[in-house]
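**Q** This is the structure, below, for whatever I ask next.
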There are 2 protein chains.
Amino acid sequence: MNFCSNCGAPVEIRIPAGNSHPRHVCPQCGTIHYQNPKLVVGALAEWEDRILLCRRAIEPRHGYWTLPAGFMENEETTAEAAARETAEEACARIAVGELYTLIDVPHISQVHLIYRARLLDLDFRAGEESLDVALFREEDIPWEQIAFRSIGLTLRHFFDDRRRGHWSFHSASLAPPPAA
Amino acid sequence: MNFCSNCGAPVEIRIPAGNSHPRHVCPQCGTIHYQNPKLVVGALAEWEDRILLCRRAIEPRHGYWTLPAGFMENEETTAEAAARETAEEACARIAVGELYTLIDVPHISQVHLIYRARLLDLDFRAGEESLDVALFREEDIPWEQIAFRSIGLTLRHFFDDRRRGHWSFHSASLAPPPAA
Ligand SMILES: [Zn+2]
Ligand SMILES: [Zn+2]
């Protein structure tokens with residue numbers, strides 16, 4: 001951030017009165033520009049013993065498989081975000097169930113939320129941001145080609161819980177990956 | 001948003017290629033300025049049969065009681081945010097437990113997360129944003145002076161779950177309040 005989005009003046013970085021953290025502050029109009037973590041919301045949708053994965057047509061992780069998920073929009077709920085992302089990326093209709101995982105990714109200031117969901121019909125296809133969309137049994141999951149650690153973690157919890165016959169909410173925090 | 005925070009040019013509102021929603025777009029440098037919901041994170045901290053509430057010294061809801069909670073900062077986890085807000089508003093140290101409630105507040109583009117927590121000692125006092133901090137038994141909760149609906153809902157779930165002896169995660173979505 002270089003300029004004030006309110007008045008267009010160059011911003012300064014300083015700790016405003018009563019604040020604990022340095023902020024981008026506008027010396028002309030006084031606006032404090034807070035920056036906050038973003039929510040990424042998605043769905044783990046089931047059809048019988050299979051789950052819905054999308055192969056990414058965009059960076060990052062072009063060509064890798066993921067659950068449908070993306071940045072939450074203003075003026076929607078987290079469950080609505082999960083259904084919208086599934087519609088956009090997989091052209092699929094789901095019934096959203098319970099929140100299943102919350103994964104903190106503090107080094108990129110994100111919080112990932114994945115809901116369990118039920119696929120309502122088989123009339124799905126790749127959306128604009130997907131190369132392919134398919135249903136996978138556990139033994140067919142492309143574990144080496146999963147796009148994001150939070151998605152791999154969610155899938156492992158899912159198959160573990162299903163095997164045990166006991167479903168519970170899971171949370172985790174991811175550290176930065178090792179340098180390449 | 002009136003000006004591009006990157007280059008300072010006036011922004012336009014339009015739907016960029018491949019986007020589903022209208023965005024603030026900079027015609028000079030091409031930056032798409034996304035706006036996303038904010039996370040508010042807090043703690044329901046117990047000490048024996050009492051819970052910790054803060055009386056707000058700031059607007060909105062000056063003088064009303066709340067759980068310590070506030071906007072999540074970049075580069076922290078949700079559990080760290082709950083502990084930090086409790087330290088800032090109640091000068092209290094807690095052990096953060098499980099996520100307890102997720103409350104969508106789409107009309108103000110917020111998601112509220114409240115963690116259960118254990119107060120580690122009785123050495124607490126009002127922080128800068130609080131008029132008072134105190135421990136309350138269920139029968140002493142000032143129900144008519146609770147600052148926010150998401151906090152009242154969380155407190156009611158807490159006392160219900162404690163009475164039943166069965167703890168579970170709760171989620172809800174709040175509609176806009178009736179016009180005054
Ligand atoms: Zn300004
Ligand atoms: Zn610009």
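Each chain in the structure tokens gets a letter, A, B and so on, in the order shown; residues start at 1 in every chain, and ligands are counted from 1 in the order they appear.
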Give me, as number ranges by chain, the contact residues of chain A against chain B at a cut-off of 7 Å, counting only C-alpha atoms.
**A** A: 1-8, 35-38, 72-78, 104, 106-109
**Q** Keeping only N, CA, C and O atoms, write the selected residues as a compact mmCIF listing (two decimals), in the first residue's frame.
**A**
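Writing done, so here's again_10.txt:
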# COMPACT_ATOMS: atom_id res chain seq x y z
N MET A 1 0.85 -1.20 0.00
CA MET A 1 0.00 0.00 0.00
C MET A 1 0.88 1.25 0.00
O MET A 1 1.70 1.45 0.89
N ASN A 2 0.69 2.07 -1.04
CA ASN A 2 1.47 3.30 -1.18
C ASN A 2 0.62 4.56 -1.00
O ASN A 2 1.11 5.57 -0.50
N PHE A 3 -0.65 4.48 -1.43
CA PHE A 3 -1.51 5.66 -1.44
C PHE A 3 -2.80 5.40 -0.66
O PHE A 3 -3.28 4.26 -0.59
N CYS A 4 -3.38 6.48 -0.11
CA CYS A 4 -4.63 6.38 0.65
C CYS A 4 -5.77 6.09 -0.33
O CYS A 4 -5.99 6.86 -1.27
N SER A 5 -6.53 5.01 -0.07
CA SER A 5 -7.64 4.66 -0.96
C SER A 5 -8.82 5.62 -0.79
O SER A 5 -9.71 5.66 -1.63
N ASN A 6 -8.79 6.40 0.27
CA ASN A 6 -9.86 7.38 0.49
C ASN A 6 -9.61 8.70 -0.24
O ASN A 6 -10.45 9.18 -0.98
N CYS A 7 -8.37 9.27 -0.04
CA CYS A 7 -8.12 10.62 -0.58
C CYS A 7 -6.97 10.67 -1.59
O CYS A 7 -6.75 11.71 -2.22
N GLY A 8 -6.22 9.57 -1.75
CA GLY A 8 -5.17 9.52 -2.77
C GLY A 8 -3.81 10.04 -2.33
O GLY A 8 -2.85 9.98 -3.11
N GLN A 35 -5.03 -3.95 7.69
CA GLN A 35 -4.91 -5.11 6.80
C GLN A 35 -5.16 -6.35 7.64
O GLN A 35 -4.59 -6.50 8.72
N ASN A 36 -6.05 -7.21 7.16
CA ASN A 36 -6.51 -8.34 7.96
C ASN A 36 -6.41 -9.64 7.17
O ASN A 36 -6.40 -9.62 5.94
N PRO A 37 -6.35 -10.77 7.90
CA PRO A 37 -6.28 -12.06 7.24
C PRO A 37 -7.50 -12.32 6.36
O PRO A 37 -8.58 -11.79 6.59
N LYS A 38 -7.30 -13.17 5.37
CA LYS A 38 -8.39 -13.52 4.45
C LYS A 38 -8.86 -14.95 4.73
O LYS A 38 -8.08 -15.84 5.06
N MET A 72 -13.46 -15.95 0.35
CA MET A 72 -14.82 -15.56 0.72
C MET A 72 -15.09 -14.14 0.22
O MET A 72 -14.20 -13.28 0.25
N GLU A 73 -16.33 -13.89 -0.23
CA GLU A 73 -16.74 -12.57 -0.68
C GLU A 73 -17.48 -11.82 0.45
O GLU A 73 -18.05 -12.45 1.34
N ASN A 74 -17.49 -10.51 0.35
CA ASN A 74 -18.32 -9.72 1.27
C ASN A 74 -19.79 -10.11 1.14
O ASN A 74 -20.24 -10.52 0.07
N GLU A 75 -20.50 -9.95 2.24
CA GLU A 75 -21.97 -10.11 2.27
C GLU A 75 -22.45 -11.51 1.97
O GLU A 75 -23.57 -11.70 1.51
N GLU A 76 -21.61 -12.53 2.23
CA GLU A 76 -22.08 -13.92 2.17
C GLU A 76 -21.68 -14.61 3.47
O GLU A 76 -20.85 -14.10 4.23
N THR A 77 -22.30 -15.78 3.71
CA THR A 77 -21.90 -16.58 4.87
C THR A 77 -20.81 -17.56 4.44
O THR A 77 -20.61 -17.80 3.24
N THR A 78 -20.16 -18.17 5.41
CA THR A 78 -19.12 -19.15 5.09
C THR A 78 -19.72 -20.34 4.34
O THR A 78 -19.12 -20.84 3.38
N ASP A 104 -5.25 -22.70 10.15
CA ASP A 104 -4.56 -21.41 10.17
C ASP A 104 -3.31 -21.51 9.31
O ASP A 104 -2.54 -22.46 9.43
N PRO A 106 -0.72 -18.80 9.07
CA PRO A 106 -0.38 -17.42 9.47
C PRO A 106 0.70 -16.77 8.61
O PRO A 106 0.68 -15.55 8.45
N HIS A 107 1.62 -17.56 8.03
CA HIS A 107 2.70 -16.92 7.26
C HIS A 107 2.18 -16.29 5.98
O HIS A 107 2.87 -15.46 5.38
N ILE A 108 0.97 -16.66 5.54
CA ILE A 108 0.36 -15.95 4.40
C ILE A 108 -0.94 -15.25 4.82
O ILE A 108 -1.72 -14.83 3.97
N SER A 109 -1.15 -15.13 6.15
CA SER A 109 -2.33 -14.41 6.68
C SER A 109 -3.64 -14.92 6.07
O SER A 109 -4.46 -14.15 5.57
**Q** Mind checking which residues fall within 9 Å of Ala45 in chain A, counting only C-alpha atoms, ignoring those fewer than 4 positions away in the same chain, and posting them as a list in words?
**A** Arg50, Ile51, Leu52, Leu53, Leu67, Pro68, Thr86, Ile94, Ala95, Val96, Tyr115, Arg116, Ala117, Arg118 and Leu119 of chain A
**Q** Any chance you could dump chain B, least-squares fitted to chain A on all C-alpha atoms in order, as a short mmCIF file (atom, residue, chain, number, x, y, z; two decimals) with C-alpha atoms, in the first residue's frame?
**A**
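Resulting contents of superposed.cif:
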data_model
loop_
_atom_site.label_atom_id
_atom_site.label_comp_id
_atom_site.auth_asym_id
_atom_site.auth_seq_id
_atom_site.Cartn_x
_atom_site.Cartn_y
_atom_site.Cartn_z
CA MET B 1 0.03 -0.06 0.03
CA ASN B 2 1.52 3.28 -1.15
CA PHE B 3 -1.45 5.64 -1.43
CA CYS B 4 -4.57 6.36 0.65
CA SER B 5 -7.57 4.64 -0.98
CA ASN B 6 -9.80 7.36 0.47
CA CYS B 7 -8.06 10.61 -0.60
CA GLY B 8 -5.11 9.51 -2.78
CA ALA B 9 -2.31 11.00 -0.61
CA PRO B 10 0.85 8.95 0.06
CA VAL B 11 0.47 6.90 3.26
CA GLU B 12 2.91 6.57 6.15
CA ILE B 13 3.59 3.53 8.34
CA ARG B 14 3.26 4.30 12.06
CA ILE B 15 1.53 3.12 15.25
CA PRO B 16 -1.63 5.21 15.72
CA ALA B 17 -2.71 6.24 19.25
CA GLY B 18 -4.37 3.29 21.02
CA ASN B 19 -3.09 0.78 18.45
CA SER B 20 -0.77 -2.11 19.18
CA HIS B 21 0.57 -2.63 15.65
CA PRO B 22 2.12 -0.38 12.94
CA ARG B 23 -0.51 0.61 10.36
CA HIS B 24 -0.68 2.39 7.02
CA VAL B 25 -1.97 5.83 8.08
CA CYS B 26 -2.95 8.73 5.83
CA PRO B 27 -1.41 12.03 7.01
CA GLN B 28 -3.90 14.01 4.86
CA CYS B 29 -7.32 12.55 5.79
CA GLY B 30 -6.35 10.55 8.90
CA THR B 31 -7.70 7.20 7.67
CA ILE B 32 -6.07 4.16 9.31
CA HIS B 33 -5.82 1.40 6.68
CA TYR B 34 -6.10 -1.92 8.51
CA GLN B 35 -4.95 -5.10 6.79
CA ASN B 36 -6.55 -8.33 7.96
CA PRO B 37 -6.31 -12.07 7.24
CA LYS B 38 -8.41 -13.52 4.46
CA LEU B 39 -10.81 -16.44 4.69
CA VAL B 40 -10.54 -19.22 2.11
CA VAL B 41 -13.67 -21.39 2.19
CA GLY B 42 -14.35 -24.70 0.44
CA ALA B 43 -16.32 -27.93 0.39
CA LEU B 44 -15.54 -31.61 0.71
CA ALA B 45 -18.51 -32.98 -1.27
CA GLU B 46 -19.42 -36.67 -1.15
CA TRP B 47 -21.28 -38.86 -3.64
CA GLU B 48 -21.65 -42.38 -2.26
CA ASP B 49 -18.07 -43.47 -1.46
CA ARG B 50 -16.42 -40.84 -3.66
CA ILE B 51 -15.42 -37.21 -3.19
CA LEU B 52 -15.27 -34.32 -5.64
CA LEU B 53 -11.90 -32.88 -6.67
CA CYS B 54 -11.01 -30.16 -9.19
CA ARG B 55 -7.79 -29.91 -11.21
CA ARG B 56 -6.59 -26.31 -11.19
CA ALA B 57 -6.47 -24.34 -14.46
CA ILE B 58 -4.86 -21.34 -12.71
CA GLU B 59 -1.76 -20.48 -10.69
CA PRO B 60 -0.70 -21.18 -8.05
CA ARG B 61 -0.43 -24.97 -8.45
CA HIS B 62 -1.72 -25.15 -12.03
CA GLY B 63 -2.52 -28.78 -12.91
CA TYR B 64 -2.74 -29.95 -9.29
CA TRP B 65 -5.91 -31.31 -7.66
CA THR B 66 -7.85 -29.56 -4.91
CA LEU B 67 -11.20 -29.33 -3.19
CA PRO B 68 -13.31 -26.50 -4.59
CA ALA B 69 -12.38 -23.50 -2.41
CA GLY B 70 -11.61 -19.82 -2.72
CA PHE B 71 -11.64 -16.40 -1.12
CA MET B 72 -14.84 -15.56 0.72
CA GLU B 73 -16.76 -12.57 -0.68
CA ASN B 74 -18.34 -9.73 1.26
CA GLU B 75 -22.00 -10.14 2.26
CA GLU B 76 -22.10 -13.93 2.17
CA THR B 77 -21.94 -16.60 4.88
CA THR B 78 -19.15 -19.15 5.09
CA ALA B 79 -21.57 -21.92 4.02
CA GLU B 80 -22.71 -19.80 1.06
CA ALA B 81 -19.06 -19.27 0.11
CA ALA B 82 -18.48 -23.04 0.11
CA ALA B 83 -21.50 -23.60 -2.17
CA ARG B 84 -20.56 -20.71 -4.48
CA GLU B 85 -16.97 -21.89 -4.92
CA THR B 86 -18.23 -25.41 -5.69
CA ALA B 87 -20.64 -23.98 -8.27
CA GLU B 88 -17.92 -21.81 -9.86
CA GLU B 89 -15.10 -24.37 -9.98
CA ALA B 90 -17.05 -27.60 -10.51
CA CYS B 91 -20.45 -26.36 -11.80
CA ALA B 92 -21.85 -28.60 -9.06
CA ARG B 93 -24.76 -28.24 -6.65
CA ILE B 94 -24.22 -29.29 -3.03
CA ALA B 95 -26.03 -29.40 0.29
CA VAL B 96 -23.56 -27.87 2.74
CA GLY B 97 -23.22 -29.74 6.05
CA GLU B 98 -21.05 -29.13 9.10
CA LEU B 99 -17.81 -27.19 9.32
CA TYR B 100 -15.09 -29.86 9.11
CA THR B 101 -11.65 -28.22 9.28
CA LEU B 102 -10.23 -24.83 10.27
CA ILE B 103 -6.61 -24.45 9.21
CA ASP B 104 -4.58 -21.39 10.17
CA VAL B 105 -1.91 -20.39 7.66
CA PRO B 106 -0.40 -17.40 9.47
CA HIS B 107 2.67 -16.90 7.25
CA ILE B 108 0.32 -15.94 4.40
CA SER B 109 -2.35 -14.39 6.69
CA GLN B 110 -5.06 -16.85 5.67
CA VAL B 111 -7.60 -18.99 7.51
CA HIS B 112 -8.96 -21.98 5.57
CA LEU B 113 -12.42 -23.38 6.38
CA ILE B 114 -13.66 -26.59 4.74
CA TYR B 115 -17.26 -27.74 5.08
CA ARG B 116 -18.52 -31.27 4.60
CA ALA B 117 -21.16 -31.41 1.86
CA ARG B 118 -23.34 -33.77 -0.16
CA LEU B 119 -23.28 -33.61 -3.95
CA LEU B 120 -26.90 -33.29 -5.13
CA ASP B 121 -26.52 -34.74 -8.65
CA LEU B 122 -23.87 -35.88 -11.13
CA ASP B 123 -24.36 -32.99 -13.52
CA PHE B 124 -20.97 -31.35 -12.84
CA ARG B 125 -18.17 -30.19 -15.15
CA ALA B 126 -15.04 -28.07 -15.05
CA GLY B 127 -15.65 -24.37 -14.39
CA GLU B 128 -13.44 -21.59 -15.79
CA GLU B 129 -10.74 -22.09 -13.15
CA SER B 130 -10.60 -25.91 -13.50
CA LEU B 131 -9.04 -28.19 -16.12
CA ASP B 132 -11.03 -31.19 -14.94
CA VAL B 133 -13.47 -32.23 -12.21
CA ALA B 134 -13.90 -35.82 -11.05
CA LEU B 135 -15.12 -38.09 -8.24
CA PHE B 136 -12.41 -40.10 -6.45
CA ARG B 137 -12.48 -43.14 -4.20
CA GLU B 138 -9.92 -43.13 -1.39
CA GLU B 139 -7.61 -45.53 -3.24
CA ASP B 140 -7.60 -43.29 -6.31
CA ILE B 141 -6.80 -39.94 -4.62
CA PRO B 142 -3.76 -38.40 -6.36
CA TRP B 143 -1.95 -37.74 -3.06
CA GLU B 144 1.26 -36.57 -4.77
CA GLN B 145 -0.68 -34.05 -6.86
CA ILE B 146 -2.75 -32.31 -4.19
CA ALA B 147 -2.40 -28.54 -4.61
CA PHE B 148 -2.29 -27.32 -1.00
CA ARG B 149 -1.28 -28.73 2.39
CA SER B 150 -4.55 -27.64 4.03
CA ILE B 151 -6.46 -29.69 1.44
CA GLY B 152 -4.27 -32.78 1.89
CA LEU B 153 -4.71 -32.52 5.67
CA THR B 154 -8.49 -32.22 5.32
CA LEU B 155 -8.64 -35.25 3.01
CA ARG B 156 -6.54 -37.37 5.40
CA HIS B 157 -8.83 -36.45 8.33
CA PHE B 158 -11.86 -37.32 6.20
CA PHE B 159 -10.71 -40.82 5.30
CA ASP B 160 -9.46 -41.48 8.86
CA ASP B 161 -12.76 -40.34 10.40
CA ARG B 162 -14.77 -42.36 7.85
CA ARG B 163 -12.73 -45.47 8.61
CA ARG B 164 -13.26 -45.01 12.37
CA GLY B 165 -16.95 -44.21 11.84
CA HIS B 166 -16.56 -41.12 14.04
CA TRP B 167 -16.75 -37.59 12.67
CA SER B 168 -15.30 -34.61 14.46
CA PHE B 169 -14.19 -31.07 13.71
CA HIS B 170 -10.42 -30.69 13.20
CA SER B 171 -8.18 -27.66 13.46
CA ALA B 172 -4.50 -27.14 12.71
CA SER B 173 -1.93 -24.44 12.10
CA LEU B 174 0.53 -24.70 9.22
CA ALA B 175 4.12 -23.48 9.53
CA PRO B 176 5.89 -22.05 6.46
CA PRO B 177 7.06 -24.81 4.10
CA PRO B 178 10.80 -25.56 4.00
CA ALA B 179 12.67 -23.37 1.50
CA ALA B 180 12.81 -25.04 -1.92
#
**Q** Among chain B, which residues carry a DSSP assignment of helix (DSSP H, G or I), reported as an MDAnalysis selection string?
**A** chainID B and resid 78:90 106:108 138:140 143:145 149:164
